[in-house]
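Pasted below: entry-v5.txt, compact mmCIF, C-alpha atoms.
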```
# COMPACT_ATOMS: atom_id res chain seq x y z
CA MET A 1 6.24 9.23 -18.94
CA SER A 2 5.88 10.32 -15.32
CA VAL A 3 3.53 13.07 -14.14
CA ASN A 4 3.70 14.86 -10.82
CA VAL A 5 0.51 16.33 -9.32
CA ASN A 6 1.96 18.30 -6.44
CA GLY A 7 0.89 20.95 -3.98
CA GLU A 8 -2.61 21.68 -5.27
CA THR A 9 -5.46 22.96 -3.09
CA VAL A 10 -9.01 23.09 -4.44
CA HIS A 11 -11.75 25.44 -3.39
CA ASN A 12 -14.79 23.42 -4.44
CA SER A 13 -14.51 20.96 -1.53
CA HIS A 14 -13.48 17.80 -3.39
CA GLY A 15 -10.43 16.40 -5.18
CA GLY A 16 -7.29 18.27 -4.20
CA GLY A 17 -5.09 16.63 -6.83
CA ILE A 18 -7.56 14.98 -9.22
CA TYR A 19 -11.35 15.30 -9.55
CA ALA A 20 -12.93 12.42 -11.51
CA LEU A 21 -16.71 12.34 -11.93
CA ASN A 22 -18.45 9.86 -14.27
CA THR A 23 -15.26 9.32 -16.21
CA ALA A 24 -13.45 6.46 -17.92
CA VAL A 25 -9.95 7.92 -17.72
CA TYR A 26 -6.85 5.69 -17.42
CA LEU A 27 -4.40 7.15 -14.91
CA ARG A 28 -0.87 5.81 -15.12
CA ASN A 29 2.59 6.68 -13.76
CA LEU A 30 1.48 9.56 -11.54
CA GLU A 31 2.83 11.03 -8.33
CA ILE A 32 -0.01 12.72 -6.45
CA ARG A 33 1.41 14.38 -3.36
CA ARG A 34 0.91 17.27 -0.94
CA ASN A 35 -2.55 18.18 -2.21
CA ALA A 36 -5.49 19.18 -0.01
CA ALA A 37 -9.29 19.31 -0.21
CA PRO A 38 -11.59 20.85 2.42
CA VAL A 39 -13.97 17.87 2.38
CA ASN A 40 -13.32 14.72 0.32
CA GLY A 41 -10.33 13.35 -1.55
CA GLY A 42 -7.08 15.15 -0.85
CA GLY A 43 -5.24 13.18 -3.54
CA ILE A 44 -8.15 12.09 -5.74
CA TYR A 45 -11.93 12.36 -5.64
CA CYS A 46 -13.43 9.58 -7.74
CA SER A 47 -17.22 9.33 -8.03
CA ASN A 48 -19.36 6.99 -10.12
CA SER A 49 -16.44 6.14 -12.38
CA SER A 50 -16.65 2.39 -12.84
CA GLU A 51 -14.52 2.51 -15.98
CA LEU A 52 -11.69 4.43 -14.33
CA ARG A 53 -8.40 2.56 -14.08
CA GLY A 54 -5.27 3.56 -12.22
CA GLU A 55 -1.85 1.93 -12.43
CA ASN A 56 1.50 2.77 -10.86
CA LEU A 57 0.18 5.66 -8.77
CA TYR A 58 1.85 7.19 -5.73
CA PHE A 59 -0.28 9.07 -3.19
CA PHE A 60 1.89 10.87 -0.63
CA LYS A 61 1.08 13.40 2.12
CA ASN A 62 -2.34 14.47 0.85
CA LEU A 63 -4.90 15.93 3.25
CA ALA A 64 -8.71 16.04 3.48
CA SER A 65 -11.51 15.74 6.02
CA GLN A 66 -12.39 12.37 4.51
CA GLY A 67 -10.20 10.28 2.22
CA GLY A 68 -6.82 11.92 2.62
CA GLY A 69 -5.23 9.92 -0.19
CA MET A 70 -8.30 8.73 -2.08
CA TYR A 71 -12.05 9.21 -1.82
CA ILE A 72 -14.14 6.79 -3.91
CA GLY A 73 -17.87 7.45 -3.97
CA GLY A 74 -19.80 4.92 -5.99
CA GLY A 75 -18.71 2.91 -8.99
CA SER A 76 -16.17 0.10 -9.24
CA PRO A 77 -12.85 1.57 -10.43
CA LYS A 78 -9.81 -0.69 -10.74
CA PHE A 79 -6.38 0.16 -9.30
CA LYS A 80 -3.09 -1.69 -9.57
CA SER A 81 0.42 -1.08 -8.22
CA LEU A 82 -0.38 1.80 -5.87
CA ILE A 83 1.58 3.19 -2.95
CA ILE A 84 -0.65 5.18 -0.56
CA SER A 85 1.57 6.66 2.15
CA GLU A 86 1.53 9.34 4.86
CA ASN A 87 -1.80 10.87 3.94
CA GLU A 88 -3.93 12.43 6.68
CA SER A 89 -7.66 12.57 7.36
CA GLY A 90 -10.24 12.14 10.09
CA ILE A 91 -11.99 9.35 8.16
CA GLY A 92 -10.08 7.04 5.84
CA ALA A 93 -6.68 8.72 5.87
CA GLY A 94 -5.37 6.43 3.15
CA VAL A 95 -8.59 5.47 1.37
CA SER A 96 -12.26 6.24 2.02
CA SER A 97 -14.72 4.11 0.04
CA ALA A 98 -18.37 5.16 0.29
CA GLY A 99 -20.96 3.07 -1.51
CA ALA A 100 -18.29 1.92 -3.96
CA SER A 101 -16.75 -1.39 -4.99
CA PRO A 102 -13.17 -0.54 -5.98
CA HIS A 103 -10.58 -3.20 -6.74
CA PHE A 104 -7.07 -2.77 -5.36
CA ILE A 105 -4.28 -5.00 -6.71
CA ASN A 106 -0.59 -4.95 -5.78
CA THR A 107 -1.18 -2.01 -3.47
CA VAL A 108 0.67 -0.86 -0.35
CA ILE A 109 -1.28 1.27 2.14
CA HIS A 110 1.07 2.31 4.91
CA SER A 111 1.95 5.01 7.41
CA ASN A 112 -1.23 7.01 6.93
CA LEU A 113 -2.32 9.14 9.89
CA GLY A 114 -5.88 9.19 11.14
CA SER A 115 -7.24 11.70 13.63
CA PRO A 116 -6.33 10.59 17.17
CA HIS A 117 -9.53 12.19 18.49
CA ASP A 118 -12.46 10.79 16.53
CA GLY A 119 -10.86 9.32 13.41
CA TYR A 120 -11.82 6.02 11.80
CA GLY A 121 -9.77 3.84 9.48
CA ALA A 122 -6.32 5.35 9.16
CA GLY A 123 -5.53 2.87 6.41
CA MET A 124 -8.96 2.41 4.86
CA GLN A 125 -12.55 3.26 5.76
CA ILE A 126 -15.44 1.45 4.07
CA GLU A 127 -19.14 2.35 4.16
CA GLY A 128 -21.42 0.46 1.81
CA GLY A 129 -20.36 -1.17 -1.42
CA GLY A 130 -17.97 -4.09 -1.69
CA PRO A 131 -14.25 -3.39 -2.15
CA VAL A 132 -11.94 -6.21 -3.26
CA ILE A 133 -8.30 -6.15 -2.10
CA THR A 134 -5.89 -8.54 -3.83
CA ASN A 135 -2.15 -9.07 -3.24
CA SER A 136 -1.87 -5.94 -1.17
CA THR A 137 -0.24 -4.91 2.10
CA ILE A 138 -1.97 -2.66 4.66
CA ILE A 139 0.57 -1.94 7.35
CA GLY A 140 1.81 0.62 9.84
CA ASN A 141 -1.15 3.01 9.73
CA PHE A 142 -1.69 5.01 12.91
CA GLY A 143 -4.30 6.91 14.87
CA GLY A 144 -7.99 6.94 15.71
CA LYS A 145 -10.05 3.74 15.76
CA ALA A 146 -9.36 0.72 13.57
CA ALA A 147 -6.10 2.00 12.21
CA GLY A 148 -5.97 -0.68 9.49
CA ILE A 149 -9.49 -1.07 8.05
CA PHE A 150 -12.70 0.31 9.53
CA ILE A 151 -15.93 -1.11 8.10
CA TYR A 152 -19.37 0.35 8.75
CA THR A 153 -22.55 -1.66 8.47
CA SER A 154 -24.08 -2.52 5.11
CA SER A 155 -20.63 -3.09 3.59
CA LYS A 156 -18.88 -6.20 2.38
CA LEU A 157 -15.22 -6.80 1.80
CA VAL A 158 -13.07 -9.41 0.03
CA ILE A 159 -9.40 -9.77 0.98
CA ASN A 160 -7.31 -12.03 -1.30
CA ASN A 161 -3.62 -12.91 -0.95
CA SER A 162 -3.08 -9.86 1.29
CA ILE A 163 -1.42 -8.79 4.53
CA VAL A 164 -2.95 -6.57 7.24
CA TRP A 165 -0.36 -5.99 9.94
CA ASN A 166 0.84 -3.69 12.71
CA ASN A 167 -1.78 -0.97 12.42
CA MET A 168 -1.97 1.02 15.65
CA ALA A 169 -5.05 2.81 17.01
CA ALA A 170 -4.45 5.65 19.46
CA GLU A 171 -6.06 8.56 21.26
CA TYR A 172 -4.47 11.91 22.03
CA ASP A 173 -4.20 13.27 25.56
CA TRP A 174 -4.18 17.07 25.50
CA ASN A 175 -2.96 17.15 29.11
CA THR A 176 0.24 15.29 28.35
CA TRP A 177 0.39 16.25 24.66
CA TRP A 178 0.98 12.64 23.75
CA PHE A 179 -0.78 9.48 22.62
CA THR A 180 -2.66 7.16 24.96
CA ASN A 181 -4.39 3.81 24.61
CA VAL A 182 -2.10 2.74 21.78
CA SER A 183 -3.11 -0.74 20.62
CA VAL A 184 -3.13 -2.97 17.56
CA GLU A 185 -6.42 -2.59 15.67
CA ASN A 186 -6.05 -4.06 12.21
CA ILE A 187 -9.71 -4.54 11.28
CA ILE A 188 -12.81 -3.25 13.08
CA ASN A 189 -16.08 -4.55 11.71
CA TRP A 190 -19.23 -2.83 12.93
CA GLY A 191 -22.46 -4.74 12.53
CA SER A 192 -20.98 -8.12 11.53
CA THR A 193 -20.37 -7.08 7.94
CA PRO A 194 -19.47 -10.07 5.72
CA ILE A 195 -15.72 -10.29 5.14
CA THR A 196 -14.33 -12.94 2.82
CA TYR A 197 -10.69 -13.89 3.42
CA ASN A 198 -8.73 -15.97 0.92
CA ASN A 199 -5.08 -16.96 1.36
CA SER A 200 -4.28 -13.96 3.54
CA LEU A 201 -2.41 -12.91 6.67
CA VAL A 202 -4.06 -10.73 9.32
CA GLU A 203 -2.21 -10.11 12.56
CA GLY A 204 -3.97 -11.84 15.45
CA MET A 205 -6.19 -14.05 13.28
CA ASP A 206 -6.10 -17.71 12.29
CA LEU A 207 -7.03 -17.92 8.60
CA THR A 208 -5.77 -21.43 7.90
CA SER A 209 -9.32 -22.65 7.20
CA VAL A 210 -9.49 -20.32 4.17
CA GLY A 211 -5.99 -20.95 2.81
CA GLY A 212 -4.29 -18.28 4.90
CA LEU A 213 -1.87 -18.25 7.82
CA ASP A 214 -2.26 -18.52 11.58
CA ALA A 215 -0.96 -15.27 13.09
CA THR A 216 -2.43 -15.69 16.57
CA SER A 217 0.96 -16.27 18.19
CA GLU A 218 2.94 -13.25 19.36
CA ASP A 219 6.03 -14.96 17.94
CA PHE A 220 4.70 -15.09 14.38
CA ASP A 221 7.11 -13.32 12.04
CA PRO A 222 6.23 -12.49 8.40
CA MET A 223 9.99 -12.01 7.87
CA TRP A 224 10.36 -8.71 6.03
CA ILE A 225 13.82 -7.57 5.01
CA SER A 226 13.62 -4.88 7.69
CA PRO A 227 10.73 -4.82 10.17
CA PRO A 228 8.44 -1.86 9.43
CA ALA A 229 7.49 0.53 12.19
CA TYR A 230 4.03 2.04 12.38
CA ALA A 231 3.35 5.47 11.00
CA TYR A 232 5.49 8.46 11.90
CA TRP A 233 7.74 6.50 14.21
CA GLY A 234 11.15 6.42 12.61
CA GLY A 235 11.01 4.77 9.23
CA ILE A 236 8.74 2.41 7.36
CA GLY A 237 11.05 -0.53 6.80
CA SER A 238 10.87 -2.78 3.78
CA PHE A 239 7.96 -4.98 2.83
CA THR A 240 9.95 -7.35 0.63
CA LEU A 241 10.04 -10.85 2.10
CA LEU A 242 13.11 -12.70 3.24
CA GLU A 243 13.85 -16.17 2.01
CA GLY A 244 11.98 -18.58 4.25
CA SER A 245 9.07 -16.24 4.97
CA PRO A 246 5.82 -18.12 5.68
CA CYS A 247 4.11 -15.81 3.14
CA ILE A 248 6.12 -17.06 0.17
CA ASP A 249 4.05 -18.98 -2.40
CA LYS A 250 1.08 -19.13 -0.01
CA GLY A 251 -1.18 -17.02 -2.19
CA ASN A 252 -3.59 -18.23 -4.82
CA LYS A 253 -2.31 -17.36 -8.29
CA GLU A 254 -5.75 -17.63 -9.87
CA LEU A 255 -7.13 -14.97 -7.53
CA TYR A 256 -4.47 -12.56 -8.75
CA LEU A 257 -5.06 -13.33 -12.42
CA ASP A 258 -8.81 -13.03 -12.00
CA ALA A 259 -8.39 -9.67 -10.28
CA CYS A 260 -6.26 -8.35 -13.15
CA GLY A 261 -8.67 -9.76 -15.71
CA ASP A 262 -8.75 -7.78 -18.95
CA TYR A 263 -8.31 -4.48 -17.13
CA PHE A 264 -4.52 -4.51 -17.00
CA ASP A 265 -2.22 -5.76 -19.75
CA GLY A 266 0.92 -7.79 -19.41
CA TRP A 267 0.36 -9.68 -16.21
CA GLU A 268 2.61 -12.49 -17.40
CA ASN A 269 5.55 -10.05 -17.32
CA GLU A 270 4.37 -8.07 -14.32
CA TYR A 271 6.97 -6.73 -11.93
CA THR A 272 6.65 -5.90 -8.29
CA LEU A 273 6.43 -2.27 -7.27
CA THR A 274 9.47 -0.11 -7.86
CA PRO A 275 10.13 2.93 -5.69
CA PRO A 276 8.85 6.33 -6.76
CA PRO A 277 11.63 8.91 -7.04
CA TYR A 278 10.76 10.64 -3.78
CA THR A 279 11.38 7.53 -1.67
CA ILE A 280 14.63 6.34 -3.23
CA SER A 281 16.96 8.15 -0.83
CA GLY A 282 17.16 10.87 1.78
CA ASP A 283 15.23 11.68 4.90
CA SER A 284 11.60 12.71 5.21
CA TYR A 285 10.28 15.70 7.14
CA ASP A 286 7.32 14.79 9.31
CA ASP A 287 4.78 17.62 9.30
CA PHE A 288 2.87 16.19 12.25
CA PHE A 289 5.76 15.80 14.67
CA GLY A 290 7.91 18.54 13.15
CA ALA A 291 11.01 16.37 12.83
CA TRP A 292 13.17 14.62 10.27
CA TYR A 293 13.07 10.83 10.06
CA PRO A 294 15.25 8.48 8.03
CA ARG A 295 13.48 7.08 5.01
CA ASP A 296 14.21 3.48 4.13
CA GLN A 297 14.11 2.43 0.50
CA TYR A 298 11.60 0.16 -1.11
CA SER A 299 13.10 -2.89 -2.71
CA GLY A 300 13.22 -1.39 -6.19
CA LYS A 301 14.77 -4.62 -7.48
CA LYS A 302 12.71 -6.15 -10.23
CA ALA A 303 11.23 -9.56 -9.55
CA LEU A 304 8.45 -11.30 -11.42
CA ARG A 305 5.06 -10.92 -9.74
CA ILE A 306 4.36 -14.56 -10.52
CA ALA A 307 7.61 -16.46 -10.08
CA GLY A 308 7.43 -20.24 -10.28
CA GLU A 309 4.40 -22.22 -9.22
CA GLY A 310 2.97 -19.87 -6.63
CA ILE A 311 2.47 -16.26 -5.69
CA ASN A 312 3.34 -14.59 -2.42
CA ILE A 313 0.89 -13.14 0.04
CA GLY A 314 1.16 -9.35 0.02
CA ALA A 315 2.25 -6.77 -2.54
CA PHE A 316 5.77 -8.06 -3.19
CA GLU A 317 7.51 -11.17 -4.40
CA GLU A 318 10.79 -12.08 -2.75
CA VAL A 319 13.89 -11.09 -4.71
CA ILE A 320 15.95 -14.08 -3.62
CA GLY A 321 17.31 -15.94 -6.62
CA VAL A 322 16.35 -13.27 -9.15
CA THR A 323 19.37 -12.18 -11.12
CA GLU A 324 20.06 -9.97 -14.11
CA PRO A 325 20.96 -11.67 -17.40
CA VAL A 326 24.67 -12.32 -17.76
CA ASP A 327 26.92 -12.82 -20.74
CA SER A 328 27.28 -16.57 -21.23
CA VAL A 329 30.44 -16.35 -23.38
CA ILE A 330 33.53 -17.73 -21.64
CA ARG A 331 36.65 -15.70 -22.34
CA TYR A 332 40.21 -16.79 -21.55
CA VAL A 333 43.08 -14.41 -21.01
CA THR A 334 46.73 -14.76 -20.10
CA PRO A 335 48.78 -12.62 -17.71
CA GLU A 336 50.32 -11.03 -20.80
CA GLY A 337 46.94 -10.20 -22.33
CA SER A 338 46.19 -7.05 -24.28
CA GLY A 339 44.30 -5.39 -21.45
CA LEU A 340 41.39 -4.59 -23.72
CA LYS A 341 39.01 -6.76 -21.63
CA ASP A 342 37.60 -8.35 -24.77
CA GLY A 343 39.19 -11.78 -24.46
CA THR A 344 42.12 -11.08 -26.77
CA SER A 345 45.59 -12.19 -25.66
```
Could you rewrite the structure in this file as structure tokens?
Amino acid sequence: MSVNVNGETVHNSHGGGIYALNTAVYLRNLEIRRNAAPVNGGGIYCSNSSELRGENLYFFKNLASQGGGMYIGGGSPKFKSLIISENESGIGAGVSSAGASPHFINTVIHSNLGSPHDGYGAGMQIEGGGPVITNSTIIGNFGGKAAGIFIYTSSKLVINNSIVWNNMAAEYDWNTWWFTNVSVENIINWGSTPITYNNSLVEGMDLTSVGGLDATSEDFDPMWISPPAYAYWGGIGSFTLLEGSPCIDKGNKELYLDACGDYFDGWENEYTLTPPPYTISGDSYDDFFGAWYPRDQYSGKKALRIAGEGINIGAFEEVIGVTEPVDSVIRYVTPEGSGLKDGTS
């Protein structure tokens, strides 16, 4: 069953789409889009809900002062197979985590728009707590400072088997009505907060000493099917990897299985993310720029999350070599056959 939480605006400051306080609810197969909250959590406000679980959730074009897509205040909720896209906020446009330790697994955070004036963490903002990000992709977020991940002091962060790439910070010039000082800012860490990297890829960093990849060269190419642009600039591309990508089988399978733990069933048959209905085809109207942009499809083709000996870095497995079951019966026909296509002649 699919549920659509769409176009809601709350008047009690928090949780435009969903308000979850001290709850153990299991959210599954939801589209949460075009909701707004005056203060925290345009898509969802989640506070002190350590037993909350969310799976196969799609946060799209939600708006709030802090935590456009998600605001998580306290607790350690678990989330798996999320797409957090094109949400807007001054602080944590995609996700704002305040004093919380959420777990994100198989999650794509992309094309979220932070305030170009004084915004922080267009993709994710962290203050206190200790989030854990596993087999996820944070890419193409735009605006403000630290467009990928912004971490305040007194926080800690663990990044496993994940990609942080092509997140663009920017300021807005009211004289020219355009962006200035556009630059790659994937992770900004105030106060030397401890960050643990395992088997990951971060643009501009060499993580080979912790099982990851060296992305310090300008020529490094993760090899996506179509290169993604950053937010609001003509399409998001595809985050599925091409055959030969340096990210293939470079993750640590045990980190993924440990992250899933007993919280999510069926990991041995787990599939990569499939596209929510809204993204399958058609163009997307950009509210910020007031224009239509072509919308590329997600892969949508099923491929085992753990295929073979290893697991890929990022939220997707490659689809190369994955085929649908075929009928193994060999049928012979003659030119004078019956035409019934059942092997009779």
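Note that the spacing between CA of Cys247 (chain A) and CA of Trp190 (chain A) amounts to 28.4 Å.
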Who sits within 10 Å of region 215-221 of chain A, all atoms listed in the file, same chain under 3 positions skipped, as a list in words: Trp165, Leu201, Val202, Glu203, Gly204, Met205, Asp206, Leu207, Thr208, Gly212, Trp224, Pro227, Ser245, Pro246 and Cys247 of chain A
Atoms to include: C-alpha atoms. Write the selected residues as a CSV table (one decimal), keeping the file's coordinate frame.
```csv
chain,number,residue,atom,x,y,z
A,165,TRP,CA,-0.4,-6.0,9.9
A,201,LEU,CA,-2.4,-12.9,6.7
A,202,VAL,CA,-4.1,-10.7,9.3
A,203,GLU,CA,-2.2,-10.1,12.6
A,204,GLY,CA,-4.0,-11.8,15.4
A,205,MET,CA,-6.2,-14.0,13.3
A,206,ASP,CA,-6.1,-17.7,12.3
A,207,LEU,CA,-7.0,-17.9,8.6
A,208,THR,CA,-5.8,-21.4,7.9
A,212,GLY,CA,-4.3,-18.3,4.9
A,224,TRP,CA,10.4,-8.7,6.0
A,227,PRO,CA,10.7,-4.8,10.2
A,245,SER,CA,9.1,-16.2,5.0
A,246,PRO,CA,5.8,-18.1,5.7
A,247,CYS,CA,4.1,-15.8,3.1
```
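The space between CA of Ala170 (chain A) and CA of Gly143 (chain A) spans 4.8 Å.
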Who sits within 10 Å of His14 (chain A), all atoms listed in the file, same chain under 3 positions skipped, as a ChimeraX atom specification: /A:9-11,17-20,36-46,64-67,71
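Between CA of Leu82 (chain A) and CA of Gly114 (chain A) there is a distance of 19.3 Å.
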What would region 153-164 of chain A look like if you wrote it out as a PDB file, in the first residue's frame, with all heavy atoms included, from the block I just posted?
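Result written to result.pdb:
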```
ATOM      1  N   THR A 153      29.755  21.925  16.625  1.00  0.00           N
ATOM      2  CA  THR A 153      30.547  21.292  17.675  1.00  0.00           C
ATOM      3  C   THR A 153      29.663  20.363  18.503  1.00  0.00           C
ATOM      4  O   THR A 153      28.445  20.399  18.431  1.00  0.00           O
ATOM      5  CB  THR A 153      31.169  22.360  18.585  1.00  0.00           C
ATOM      6  OG1 THR A 153      30.117  23.179  19.115  1.00  0.00           O
ATOM      7  CG2 THR A 153      32.142  23.229  17.821  1.00  0.00           C
ATOM      8  N   SER A 154      30.331  19.562  19.301  1.00  0.00           N
ATOM      9  CA  SER A 154      29.699  18.594  20.196  1.00  0.00           C
ATOM     10  C   SER A 154      28.847  17.570  19.467  1.00  0.00           C
ATOM     11  O   SER A 154      27.896  17.022  20.003  1.00  0.00           O
ATOM     12  CB  SER A 154      28.837  19.295  21.258  1.00  0.00           C
ATOM     13  OG  SER A 154      27.652  19.836  20.712  1.00  0.00           O
ATOM     14  N   SER A 155      29.183  17.308  18.195  1.00  0.00           N
ATOM     15  CA  SER A 155      28.524  16.250  17.430  1.00  0.00           C
ATOM     16  C   SER A 155      29.549  15.181  17.085  1.00  0.00           C
ATOM     17  O   SER A 155      30.755  15.402  17.162  1.00  0.00           O
ATOM     18  CB  SER A 155      27.929  16.807  16.146  1.00  0.00           C
ATOM     19  OG  SER A 155      27.006  17.836  16.401  1.00  0.00           O
ATOM     20  N   LYS A 156      29.065  14.037  16.669  1.00  0.00           N
ATOM     21  CA  LYS A 156      29.920  13.027  16.070  1.00  0.00           C
ATOM     22  C   LYS A 156      29.148  12.414  14.922  1.00  0.00           C
ATOM     23  O   LYS A 156      27.918  12.481  14.863  1.00  0.00           O
ATOM     24  CB  LYS A 156      30.357  11.971  17.071  1.00  0.00           C
ATOM     25  CG  LYS A 156      29.219  11.203  17.726  1.00  0.00           C
ATOM     26  CD  LYS A 156      29.764  10.198  18.728  1.00  0.00           C
ATOM     27  CE  LYS A 156      28.615   9.443  19.402  1.00  0.00           C
ATOM     28  NZ  LYS A 156      29.130   8.443  20.375  1.00  0.00           N
ATOM     29  N   LEU A 157      29.869  11.828  14.010  1.00  0.00           N
ATOM     30  CA  LEU A 157      29.250  11.326  12.790  1.00  0.00           C
ATOM     31  C   LEU A 157      30.005  10.105  12.305  1.00  0.00           C
ATOM     32  O   LEU A 157      31.244  10.082  12.313  1.00  0.00           O
ATOM     33  CB  LEU A 157      29.263  12.419  11.716  1.00  0.00           C
ATOM     34  CG  LEU A 157      28.779  12.046  10.310  1.00  0.00           C
ATOM     35  CD1 LEU A 157      27.304  11.686  10.320  1.00  0.00           C
ATOM     36  CD2 LEU A 157      29.031  13.195   9.346  1.00  0.00           C
ATOM     37  N   VAL A 158      29.255   9.083  11.865  1.00  0.00           N
ATOM     38  CA  VAL A 158      29.854   7.893  11.255  1.00  0.00           C
ATOM     39  C   VAL A 158      29.314   7.778   9.836  1.00  0.00           C
ATOM     40  O   VAL A 158      28.097   7.814   9.623  1.00  0.00           O
ATOM     41  CB  VAL A 158      29.516   6.619  12.060  1.00  0.00           C
ATOM     42  CG1 VAL A 158      30.103   5.388  11.369  1.00  0.00           C
ATOM     43  CG2 VAL A 158      30.048   6.730  13.488  1.00  0.00           C
ATOM     44  N   ILE A 159      30.209   7.646   8.869  1.00  0.00           N
ATOM     45  CA  ILE A 159      29.838   7.498   7.464  1.00  0.00           C
ATOM     46  C   ILE A 159      30.396   6.181   6.951  1.00  0.00           C
ATOM     47  O   ILE A 159      31.616   6.007   6.849  1.00  0.00           O
ATOM     48  CB  ILE A 159      30.370   8.677   6.618  1.00  0.00           C
ATOM     49  CG1 ILE A 159      29.786   9.996   7.140  1.00  0.00           C
ATOM     50  CG2 ILE A 159      30.034   8.484   5.152  1.00  0.00           C
ATOM     51  CD1 ILE A 159      30.310  11.219   6.413  1.00  0.00           C
ATOM     52  N   ASN A 160      29.504   5.229   6.639  1.00  0.00           N
ATOM     53  CA  ASN A 160      29.891   3.898   6.173  1.00  0.00           C
ATOM     54  C   ASN A 160      29.447   3.684   4.731  1.00  0.00           C
ATOM     55  O   ASN A 160      28.295   3.957   4.379  1.00  0.00           O
ATOM     56  CB  ASN A 160      29.229   2.813   7.031  1.00  0.00           C
ATOM     57  CG  ASN A 160      29.618   2.873   8.486  1.00  0.00           C
ATOM     58  OD1 ASN A 160      30.767   3.139   8.820  1.00  0.00           O
ATOM     59  ND2 ASN A 160      28.662   2.627   9.373  1.00  0.00           N
ATOM     60  N   ASN A 161      30.328   3.174   3.899  1.00  0.00           N
ATOM     61  CA  ASN A 161      29.950   2.731   2.540  1.00  0.00           C
ATOM     62  C   ASN A 161      29.170   3.801   1.778  1.00  0.00           C
ATOM     63  O   ASN A 161      28.253   3.473   1.019  1.00  0.00           O
ATOM     64  CB  ASN A 161      29.071   1.467   2.600  1.00  0.00           C
ATOM     65  CG  ASN A 161      29.767   0.278   3.224  1.00  0.00           C
ATOM     66  OD1 ASN A 161      30.975   0.272   3.400  1.00  0.00           O
ATOM     67  ND2 ASN A 161      28.998  -0.739   3.571  1.00  0.00           N
ATOM     68  N   SER A 162      29.488   5.060   1.944  1.00  0.00           N
ATOM     69  CA  SER A 162      28.651   6.132   1.405  1.00  0.00           C
ATOM     70  C   SER A 162      29.428   7.087   0.514  1.00  0.00           C
ATOM     71  O   SER A 162      30.658   7.131   0.532  1.00  0.00           O
ATOM     72  CB  SER A 162      27.980   6.899   2.552  1.00  0.00           C
ATOM     73  OG  SER A 162      27.064   6.068   3.243  1.00  0.00           O
ATOM     74  N   ILE A 163      28.673   7.860  -0.263  1.00  0.00           N
ATOM     75  CA  ILE A 163      29.231   8.840  -1.194  1.00  0.00           C
ATOM     76  C   ILE A 163      28.739  10.226  -0.816  1.00  0.00           C
ATOM     77  O   ILE A 163      27.534  10.426  -0.618  1.00  0.00           O
ATOM     78  CB  ILE A 163      28.812   8.526  -2.646  1.00  0.00           C
ATOM     79  CG1 ILE A 163      29.341   7.158  -3.087  1.00  0.00           C
ATOM     80  CG2 ILE A 163      29.302   9.612  -3.598  1.00  0.00           C
ATOM     81  CD1 ILE A 163      28.810   6.705  -4.442  1.00  0.00           C
ATOM     82  N   VAL A 164      29.662  11.194  -0.736  1.00  0.00           N
ATOM     83  CA  VAL A 164      29.324  12.610  -0.570  1.00  0.00           C
ATOM     84  C   VAL A 164      30.014  13.350  -1.715  1.00  0.00           C
ATOM     85  O   VAL A 164      31.234  13.399  -1.775  1.00  0.00           O
ATOM     86  CB  VAL A 164      29.779  13.150   0.801  1.00  0.00           C
ATOM     87  CG1 VAL A 164      29.294  14.585   0.988  1.00  0.00           C
ATOM     88  CG2 VAL A 164      29.264  12.265   1.937  1.00  0.00           C
TER      89      VAL A 164
END
```
